[in-house]
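Peer 1: The structure under discussion is supplied below as C-alpha cells; questions concerning it will follow.
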Amino acid sequence: MAVSYKKLWKLLIDKDMKKKDLLEKAQISSYTLNKLNRNENVNVDILVRICTALDCPIEAIMEVIRDKK
C-alpha cells in the first residue's frame, strides 16, 4: 500500500496557502514537507498537527492507495 498527499496540496490551493504557510502554521520541518512531497510515510502526530492547523479531518489531506495485484 502507498500513501498519497495529493488531497493536501489541493486543500492548500483551495485555502490559498503556500507550502511555506503550512510549515509555519502546522510547525512542521522542511524535512517533513519533503517527505510529504515524495508521498512517504509521516508520523501520525504530524498529520494530526497539519489537520489541526488546516481545521480538517485526516481524510481531507491523505489517502491510502492499494497495490494493484
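The chains in the C-alpha cells are called A, B, ... from first to last as shown; in each chain the residues are counted from 1, and the ligands are counted from 1 in the order shown.
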List every residue of chain A that DSSP, applied to the backbone of this structure, assigns to helix (DSSP H, G or I), and report them as an MDAnalysis selection string.
Peer 2: chainID A and resid 6:14 19:26 30:37 44:54 58:60
Peer 1: Env of A:Ser4: 10 Å cut, atoms = only C-alpha atoms, seq-sep filter 6 positions within chain, self excluded. Answer as a PyMOL selection string.
Peer 2: chain A and resi 36-41+61-65
Peer 1: Could you jot down the atom CA of A:Ala2 to atom CA of A:Asp55 separation for me, Å, one decimal place?
Peer 2: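 Computing it gives 24.4 Å between the two atoms.
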Peer 1: Rounded to one decimal in Å, what is the spacing between atom CA of A:Lys35 and atom CA of A:Lys7?
Peer 2: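 Rounded to one decimal, the two atoms are 14.9 Å apart.
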Peer 1: Within 12 Å of A:Thr32, counting only C-alpha atoms, which residues qualify if same-chain residues fewer than 5 places away don't, as an mmCIF file with N, CA, C and O atoms, in the first residue's frame?
Peer 2:
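Result file follows (result-v4.cif):
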data_model
loop_
_atom_site.group_PDB
_atom_site.id
_atom_site.type_symbol
_atom_site.label_atom_id
_atom_site.label_comp_id
_atom_site.auth_asym_id
_atom_site.auth_seq_id
_atom_site.Cartn_x
_atom_site.Cartn_y
_atom_site.Cartn_z
ATOM 1 N N LYS A 19 3.070 26.206 0.584
ATOM 2 C CA LYS A 19 3.682 25.193 1.438
ATOM 3 C C LYS A 19 4.432 25.854 2.599
ATOM 4 O O LYS A 19 4.446 25.333 3.709
ATOM 5 N N LEU A 22 2.103 26.458 5.346
ATOM 6 C CA LEU A 22 1.826 25.225 6.078
ATOM 7 C C LEU A 22 2.940 24.928 7.079
ATOM 8 O O LEU A 22 2.666 24.541 8.217
ATOM 9 N N LEU A 23 4.187 25.122 6.654
ATOM 10 C CA LEU A 23 5.326 24.901 7.559
ATOM 11 C C LEU A 23 5.170 25.709 8.835
ATOM 12 O O LEU A 23 5.368 25.191 9.937
ATOM 13 N N ALA A 26 1.517 24.817 10.854
ATOM 14 C CA ALA A 26 1.483 23.490 11.478
ATOM 15 C C ALA A 26 2.758 23.194 12.262
ATOM 16 O O ALA A 26 2.863 22.153 12.904
ATOM 17 N N GLN A 27 3.722 24.087 12.191
ATOM 18 C CA GLN A 27 5.005 23.916 12.875
ATOM 19 C C GLN A 27 5.654 22.578 12.529
ATOM 20 O O GLN A 27 6.001 21.782 13.400
ATOM 21 N N ASN A 37 5.994 15.620 0.100
ATOM 22 C CA ASN A 37 6.120 15.808 -1.350
ATOM 23 C C ASN A 37 6.423 14.499 -2.074
ATOM 24 O O ASN A 37 6.001 14.310 -3.217
ATOM 25 N N ARG A 38 7.155 13.619 -1.417
ATOM 26 C CA ARG A 38 7.521 12.329 -2.016
ATOM 27 C C ARG A 38 6.534 11.214 -1.676
ATOM 28 O O ARG A 38 6.795 10.050 -1.966
ATOM 29 N N ASN A 39 5.410 11.572 -1.045
ATOM 30 C CA ASN A 39 4.391 10.600 -0.641
ATOM 31 C C ASN A 39 4.967 9.493 0.234
ATOM 32 O O ASN A 39 4.590 8.327 0.121
ATOM 33 N N GLU A 40 5.861 9.873 1.129
ATOM 34 C CA GLU A 40 6.443 8.917 2.069
ATOM 35 C C GLU A 40 5.638 8.934 3.363
ATOM 36 O O GLU A 40 4.871 9.866 3.633
ATOM 37 N N ASN A 41 5.827 7.898 4.165
ATOM 38 C CA ASN A 41 5.114 7.816 5.442
ATOM 39 C C ASN A 41 5.564 8.935 6.378
ATOM 40 O O ASN A 41 6.746 9.240 6.468
ATOM 41 N N VAL A 42 4.571 9.511 7.065
ATOM 42 C CA VAL A 42 4.815 10.584 8.021
ATOM 43 C C VAL A 42 4.133 10.193 9.326
ATOM 44 O O VAL A 42 3.065 9.579 9.316
ATOM 45 N N ASN A 43 4.747 10.544 10.425
ATOM 46 C CA ASN A 43 4.215 10.238 11.744
ATOM 47 C C ASN A 43 2.783 10.774 11.894
ATOM 48 O O ASN A 43 2.481 11.891 11.467
ATOM 49 N N VAL A 44 1.932 9.992 12.522
ATOM 50 C CA VAL A 44 0.530 10.376 12.699
ATOM 51 C C VAL A 44 0.415 11.661 13.512
ATOM 52 O O VAL A 44 -0.462 12.494 13.249
ATOM 53 N N ASP A 45 1.287 11.869 14.473
ATOM 54 C CA ASP A 45 1.259 13.107 15.263
ATOM 55 C C ASP A 45 1.407 14.339 14.360
ATOM 56 O O ASP A 45 0.752 15.358 14.576
ATOM 57 N N ILE A 46 2.249 14.225 13.363
ATOM 58 C CA ILE A 46 2.453 15.336 12.426
ATOM 59 C C ILE A 46 1.216 15.532 11.566
ATOM 60 O O ILE A 46 0.792 16.663 11.317
ATOM 61 N N LEU A 47 0.608 14.444 11.126
ATOM 62 C CA LEU A 47 -0.619 14.544 10.329
ATOM 63 C C LEU A 47 -1.732 15.207 11.138
ATOM 64 O O LEU A 47 -2.475 16.038 10.618
ATOM 65 N N ARG A 49 -1.266 17.334 13.556
ATOM 66 C CA ARG A 49 -0.880 18.742 13.662
ATOM 67 C C ARG A 49 -1.284 19.510 12.399
ATOM 68 O O ARG A 49 -1.775 20.640 12.470
ATOM 69 N N ILE A 50 -1.087 18.892 11.236
ATOM 70 C CA ILE A 50 -1.485 19.512 9.967
ATOM 71 C C ILE A 50 -2.995 19.678 9.915
ATOM 72 O O ILE A 50 -3.505 20.743 9.547
#
Peer 1: Nearest to A:Glu24 among A:Ala60, A:Val48, A:Leu12, A:Ala53, with distances taken over only C-alpha atoms: which residue is it?
Peer 2: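 For A:Glu24, the nearest of the given residues is A:Ala53.
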Peer 1: In Å, how far is it from atom CA of A:Val3 to atom CA of A:Arg66?
Peer 2: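 Separating atom CA of A:Val3 from atom CA of A:Arg66 is a distance of 8.7 Å.
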Peer 1: Using only C-alpha atoms, which residue out of A:Asp67, A:Glu59, A:Ile28, A:Asn34 lies closest to A:Leu11?
Peer 2: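 Between A:Asp67, A:Glu59, A:Ile28, A:Asn34, the residue approaching A:Leu11 most closely is A:Glu59.
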